[in-house]
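Enquirer: The structure that follows is given in the form of structure tokens.
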Amino acid sequence: MKKHRGKLVLLLVALIAWLEIAFYGYLQTDSTQSNLTTVTIGYQKADPVDIARQRGELAKKMKAKGYKAVFKEFQDGTALVTALKAGDIDYARFGDTPPVTAQANGLKLAYIAAGASKENGSGILVKKNSSISSLKDLKGKRIAYTKGTSAQFLIIQALKKAGLTTDDVTLVNMDQSASSVAFAKGKVDAWVTWDPYTATAEVEQNAKLLVDGTGLSKNRDFLIATSSYAKAHTTVSKYLTSYLADDMQWASSHQTQLVTMMSKTLHLSQAVIKKQVARRTFSMGKVTSSIVKEQQKIADTFYAAGLIDKKVNVKDALVDQ
């Protein structure tokens with residue numbers, strides 16, 4: 001009986017010691033976390049920031065530098081602009097058009113980094129048996145697009161190439177989900193979109209790309225911050241650009257893993273994701289002078305079309321890092 005009690009006492013002592021060690025470890029971890037400077041990054045599903053979030057390496061590298069990376073998902077660029085303006089996020093991943101319209105609306109922003117062109121996965125979709133076989137055939141047709149996105153710039157450029165204007169067609173402004181339904185039901189004759197919507201329509205709806213974005217729209221990814229934040233946090237921006245570049249290099253060299261990951265994230269078949277990944281280059285790096293010119297062309301085009309009320313000088317949004 002005494003031996004039994006002795007064993008119980010020893011077990012109790014051991015348990016107490018273990019709990020003390022565990023609690024101490026928790027306090028140490030909590031203390032370490034509290035000493036980290038939080039950096040909040042806004043993203044949209046399956047964009048470069050989301051890829052980095054899922055991979056997990058960026059957060060580890062930022063922690064080693066004394067920062068806690070927090071990721072917040074948003075449904076569209078408009079919501080991201082609102083969050084950035086309100087200070088709810090420090091950085092945002094945008095496409096090429098939202099930064100232009102945000103700058104036109106008075107938001108003082110800074111281009112931190114730029115991704116590779118996604119022109120091969122962007123374009124104008126038509127049904128496989130459609131009578132539309134050239135851009136000129138779009139005259140008089142109903143075309144779905146989403147206002148304030150790369151699709152708007154692409155359709156303006158495509159119509160211009162064919163000697164047409166937006167007055168020669170009926171543009172139907174819908175979000176991409178609604179556009180997909182309208183296109184599938186034949187409510188519109190064409191749909192201006194980007195991957196994964198493009199790949200999904202090609203694989204699942206037997207649609208065809210009338211033209212892709214080549215020569216029309218680069219549709220790049222950008223990492224953006226407010227100019228005030230960017231000026232005060234140049235080191236953070238350098239870290240994020242470098243670590244995102246590492247993740248994009250990983251994405252390029254580990255496409256099988258990437259396809260599996262993105263398929264789960266987007267709830268799409270691997271056939272769709274494979275098509276998307278195969279025609280895309282993954283990168284993140286410096287905002288070059290040629291990229292600035294691309295953005296300036298969008299700004300000038302939108303101003304000339306009356307889509308923004310203010311002339312935008314993209315160079316005003318560059319911050320030395």
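Identifiers in the structure tokens: chain A, B, ... in order shown; residue index from 1 per chain; ligand index from 1 in order shown.
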For region 18-125 of chain A versus region 300-321 of chain A, which residues have an atom no more than 7 Å away, and what is each residue's nearest atom pair and distance in Å rounded to one decimal, using only C-alpha atoms, chain-then-number order, as a tab-separated table?
Expert:
```
residue	atom	partner	partner_atom	distance
A:Thr101	CA	A:Ile308	CA	6.7
A:Gln103	CA	A:Val312	CA	6.8
A:Ala104	CA	A:Lys310	CA	5.5
A:Leu109	CA	A:Ala317	CA	5.6
A:Ala110	CA	A:Ala317	CA	4.5
A:Tyr111	CA	A:Leu318	CA	5.7
```
Enquirer: Let me see the file: selected residues, N, CA, C and O atoms, as a PDB file, in the first residue's frame.
Expert:
```
ATOM      1  N   THR A 101      -6.827  53.309 -60.291  1.00  0.00           N
ATOM      2  CA  THR A 101      -8.074  53.969 -59.893  1.00  0.00           C
ATOM      3  C   THR A 101      -7.971  54.507 -58.462  1.00  0.00           C
ATOM      4  O   THR A 101      -8.515  55.569 -58.163  1.00  0.00           O
ATOM      5  N   GLN A 103      -5.239  55.581 -57.005  1.00  0.00           N
ATOM      6  CA  GLN A 103      -4.402  56.784 -57.080  1.00  0.00           C
ATOM      7  C   GLN A 103      -5.219  57.959 -57.636  1.00  0.00           C
ATOM      8  O   GLN A 103      -5.098  59.094 -57.158  1.00  0.00           O
ATOM      9  N   ALA A 104      -6.053  57.674 -58.609  1.00  0.00           N
ATOM     10  CA  ALA A 104      -6.911  58.713 -59.185  1.00  0.00           C
ATOM     11  C   ALA A 104      -7.906  59.245 -58.162  1.00  0.00           C
ATOM     12  O   ALA A 104      -8.296  60.419 -58.199  1.00  0.00           O
ATOM     13  N   LEU A 109      -0.437  56.020 -52.582  1.00  0.00           N
ATOM     14  CA  LEU A 109       0.054  54.648 -52.454  1.00  0.00           C
ATOM     15  C   LEU A 109       1.465  54.523 -53.005  1.00  0.00           C
ATOM     16  O   LEU A 109       1.988  55.435 -53.643  1.00  0.00           O
ATOM     17  N   ALA A 110       2.065  53.377 -52.754  1.00  0.00           N
ATOM     18  CA  ALA A 110       3.420  53.102 -53.220  1.00  0.00           C
ATOM     19  C   ALA A 110       3.487  51.703 -53.805  1.00  0.00           C
ATOM     20  O   ALA A 110       2.994  50.737 -53.209  1.00  0.00           O
ATOM     21  N   TYR A 111       4.084  51.606 -54.994  1.00  0.00           N
ATOM     22  CA  TYR A 111       4.334  50.303 -55.601  1.00  0.00           C
ATOM     23  C   TYR A 111       5.573  49.709 -54.932  1.00  0.00           C
ATOM     24  O   TYR A 111       6.653  50.282 -55.000  1.00  0.00           O
TER      25      TYR A 111
END
```
Enquirer: Could you make a table, as a tab-separated table, of the residues of region 44-123 of chain A that have an atom within 12 Å of an atom of region 191-197 of chain A, each with its nearest atom pair and distance in Å to one decimal, counting only C-alpha atoms, in chain and number order?
Expert:
```
residue	atom	partner	partner_atom	distance
A:Lys45	CA	A:Pro196	CA	10.7
A:Ala46	CA	A:Pro196	CA	9.3
A:Asp47	CA	A:Pro196	CA	10.7
A:Gly95	CA	A:Trp194	CA	11.0
A:Ser117	CA	A:Trp194	CA	11.8
A:Lys118	CA	A:Trp194	CA	8.3
A:Glu119	CA	A:Trp194	CA	8.5
A:Asn120	CA	A:Trp194	CA	8.9
A:Gly121	CA	A:Asp195	CA	5.3
A:Ser122	CA	A:Trp194	CA	4.0
A:Gly123	CA	A:Val192	CA	5.7
```
Enquirer: Between CA of Lys161 (chain A) and CA of Met284 (chain A), measure the distance and give it in Å to one decimal.
Expert: 29.8 Å
Enquirer: What lies within 10 Å of Ala158 (chain A) using only C-alpha atoms, ignoring chain neighbours under 5 positions off, as a VMD selection string?
Expert: chain A and resid 123 to 124 135 to 136 138 153 163 to 165 211 to 213 215 to 217
Enquirer: Near Ile41 (chain A), within 8 Å and counting only C-alpha atoms, which residues show up once chain neighbours fewer than 5 positions away are dropped, as a PyMOL selection string?
Expert: chain A and resi 49+69-72+89-93
Enquirer: Give me the residues within 9 Å of Thr97 (chain A) as a PyMOL selection string, counting only C-alpha atoms and dropping any in the same chain fewer than 6 places off.
Expert: chain A and resi 77+148-153+219+295+298-299
Enquirer: Just to be explicit: take each residue in the selection above, keep C-alpha atoms, and write the result as a PDB file, in the first residue's frame.
Expert:
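And here is the file that came out, result.pdb:
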```pdb
ATOM      1  CA  GLY A  77      -9.615  44.851 -55.181  1.00  0.00           C
ATOM      2  CA  GLY A 148     -12.264  48.442 -62.434  1.00  0.00           C
ATOM      3  CA  THR A 149     -10.309  45.290 -63.228  1.00  0.00           C
ATOM      4  CA  SER A 150      -7.741  44.280 -65.830  1.00  0.00           C
ATOM      5  CA  ALA A 151     -10.679  43.029 -67.919  1.00  0.00           C
ATOM      6  CA  GLN A 152     -11.859  46.591 -68.460  1.00  0.00           C
ATOM      7  CA  PHE A 153      -8.500  47.717 -69.781  1.00  0.00           C
ATOM      8  CA  ASN A 219      -2.319  41.824 -65.967  1.00  0.00           C
ATOM      9  CA  GLN A 295       0.740  51.263 -65.573  1.00  0.00           C
ATOM     10  CA  ILE A 298      -3.647  52.105 -68.156  1.00  0.00           C
ATOM     11  CA  ALA A 299      -3.973  55.440 -66.349  1.00  0.00           C
TER      12      ALA A 299
END
```
Enquirer: Within 12 Å of region 243-252 of chain A, which residues of region 78-141 of chain A come that close, and what is the closest atom pair and distance in Å for each? Count only C-alpha atoms and give it as a Markdown table.
Expert:
```
| residue | atom | partner | partner_atom | distance |
| --- | --- | --- | --- | --- |
| A:Arg93 | CA | A:Leu244 | CA | 11.3 |
| A:Ile112 | CA | A:Leu244 | CA | 11.5 |
| A:Ala113 | CA | A:Leu244 | CA | 9.3 |
| A:Ala114 | CA | A:Ala245 | CA | 9.8 |
| A:Gly115 | CA | A:Ala245 | CA | 8.8 |
| A:Ala116 | CA | A:Met248 | CA | 9.9 |
```
Enquirer: Excluding region 81-87 of chain A and its own-chain neighbours fewer than 6 positions away, which residues fall within 10 Å of it when counting only C-alpha atoms? Please give them as a PyMOL selection string.
Expert: chain A and resi 40-42+72+74+93-94+98-99+101-102+107-109+224-226+229
Enquirer: Keeping only C-alpha atoms, write the selected residues as a PDB file, in the first residue's frame.
Expert:
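Output contents, as saved in selection-v3.pdb:
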```pdb
ATOM      1  CA  THR A  40      -0.587  42.626 -42.030  1.00  0.00           C
ATOM      2  CA  ILE A  41      -0.892  41.654 -45.698  1.00  0.00           C
ATOM      3  CA  GLY A  42      -4.127  41.614 -47.658  1.00  0.00           C
ATOM      4  CA  LYS A  72      -6.175  38.741 -44.362  1.00  0.00           C
ATOM      5  CA  PHE A  74     -10.455  39.808 -49.361  1.00  0.00           C
ATOM      6  CA  ARG A  93      -1.775  42.366 -53.399  1.00  0.00           C
ATOM      7  CA  PHE A  94      -3.476  44.083 -56.321  1.00  0.00           C
ATOM      8  CA  PRO A  98      -6.987  48.977 -58.816  1.00  0.00           C
ATOM      9  CA  PRO A  99      -3.782  50.909 -58.007  1.00  0.00           C
ATOM     10  CA  THR A 101      -8.074  53.969 -59.893  1.00  0.00           C
ATOM     11  CA  ALA A 102      -7.087  54.246 -56.220  1.00  0.00           C
ATOM     12  CA  LEU A 107      -5.042  57.470 -52.218  1.00  0.00           C
ATOM     13  CA  LYS A 108      -1.331  58.098 -51.789  1.00  0.00           C
ATOM     14  CA  LEU A 109       0.054  54.648 -52.454  1.00  0.00           C
ATOM     15  CA  ILE A 224       1.163  47.889 -52.677  1.00  0.00           C
ATOM     16  CA  ALA A 225       1.347  49.941 -49.480  1.00  0.00           C
ATOM     17  CA  THR A 226       0.379  53.496 -48.611  1.00  0.00           C
ATOM     18  CA  TYR A 229       3.847  53.309 -44.557  1.00  0.00           C
TER      19      TYR A 229
END
```
Enquirer: CA of Tyr239 (chain A) and CA of Glu57 (chain A), how far apart in Å?
Expert: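 Computed distance, CA of Glu57 (chain A) to CA of Tyr239 (chain A), equals 12.3 Å.
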Enquirer: Run DSSP on the backbone and tell me which residues of region 101-269 of chain A come out as helix (DSSP H, G or I); list them as a ChimeraX atom specification.
Expert: /A:101-104,119-121,135-138,150-161,166-168,176-184,197-204,227-232,234-253,255-266
Enquirer: Would you mind reading off the distance between CA of Ser253 (chain A) and CA of Leu58 (chain A), one decimal, in Å?
Expert: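 Interatomic distance here is 17.0 Å.
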Enquirer: Hey, what does DSSP flag as strand (DSSP E) within region 88-183 of chain A? Can you give it to me as a ChimeraX atom specification?
Expert: /A:91-94,109-115,123-127,142-145,170-173
Enquirer: Just N, CA and C atoms for this one: save the residues we selected as a compact mmCIF listing (two decimals), in the first residue's frame.
Expert:
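out.txt, freshly written:
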```txt
# COMPACT_ATOMS: atom_id res chain seq x y z
N TYR A 91 -0.03 46.04 -46.26
CA TYR A 91 0.28 45.77 -47.67
C TYR A 91 -0.92 45.09 -48.31
N ALA A 92 -1.03 45.25 -49.63
CA ALA A 92 -2.11 44.60 -50.36
C ALA A 92 -1.59 44.08 -51.68
N ARG A 93 -2.09 42.91 -52.09
CA ARG A 93 -1.77 42.37 -53.40
C ARG A 93 -2.89 42.80 -54.35
N PHE A 94 -2.52 43.60 -55.34
CA PHE A 94 -3.48 44.08 -56.32
C PHE A 94 -3.14 43.57 -57.71
N LEU A 109 -0.44 56.02 -52.58
CA LEU A 109 0.05 54.65 -52.45
C LEU A 109 1.47 54.52 -53.00
N ALA A 110 2.07 53.38 -52.75
CA ALA A 110 3.42 53.10 -53.22
C ALA A 110 3.49 51.70 -53.81
N TYR A 111 4.08 51.61 -54.99
CA TYR A 111 4.33 50.30 -55.60
C TYR A 111 5.57 49.71 -54.93
N ILE A 112 5.42 48.56 -54.31
CA ILE A 112 6.53 47.92 -53.60
C ILE A 112 7.23 46.87 -54.48
N ALA A 113 6.43 46.04 -55.14
CA ALA A 113 6.99 44.97 -55.98
C ALA A 113 6.00 44.62 -57.08
N ALA A 114 6.52 43.97 -58.13
CA ALA A 114 5.67 43.59 -59.26
C ALA A 114 5.94 42.16 -59.68
N GLY A 115 4.88 41.49 -60.11
CA GLY A 115 4.99 40.11 -60.58
C GLY A 115 5.13 40.05 -62.09
N GLY A 123 -7.94 37.08 -71.25
CA GLY A 123 -8.40 37.25 -72.62
C GLY A 123 -9.90 37.33 -72.76
N ILE A 124 -10.36 37.13 -73.99
CA ILE A 124 -11.78 37.21 -74.31
C ILE A 124 -12.26 35.83 -74.71
N LEU A 125 -13.20 35.31 -73.96
CA LEU A 125 -13.75 33.98 -74.21
C LEU A 125 -15.00 34.03 -75.07
N VAL A 126 -15.14 33.07 -75.94
CA VAL A 126 -16.38 32.88 -76.70
C VAL A 126 -16.68 31.38 -76.71
N LYS A 127 -17.91 31.04 -77.06
CA LYS A 127 -18.27 29.63 -77.15
C LYS A 127 -17.55 28.99 -78.34
N ARG A 142 -22.90 41.40 -76.94
CA ARG A 142 -22.95 41.63 -75.49
C ARG A 142 -21.71 40.97 -74.86
N ILE A 143 -20.95 41.77 -74.11
CA ILE A 143 -19.68 41.28 -73.56
C ILE A 143 -19.66 41.49 -72.04
N ALA A 144 -19.46 40.41 -71.31
CA ALA A 144 -19.38 40.49 -69.85
C ALA A 144 -17.96 40.87 -69.44
N TYR A 145 -17.87 41.72 -68.44
CA TYR A 145 -16.56 42.13 -67.90
C TYR A 145 -16.80 42.63 -66.48
N THR A 170 -22.05 46.13 -76.43
CA THR A 170 -22.78 46.30 -75.17
C THR A 170 -21.97 45.65 -74.07
N LEU A 171 -21.35 46.47 -73.24
CA LEU A 171 -20.56 45.95 -72.13
C LEU A 171 -21.47 45.72 -70.92
N VAL A 172 -21.41 44.52 -70.37
CA VAL A 172 -22.26 44.17 -69.23
C VAL A 172 -21.36 43.98 -68.01
N ASN A 173 -21.46 44.91 -67.07
CA ASN A 173 -20.62 44.88 -65.87
C ASN A 173 -21.17 43.90 -64.85
```
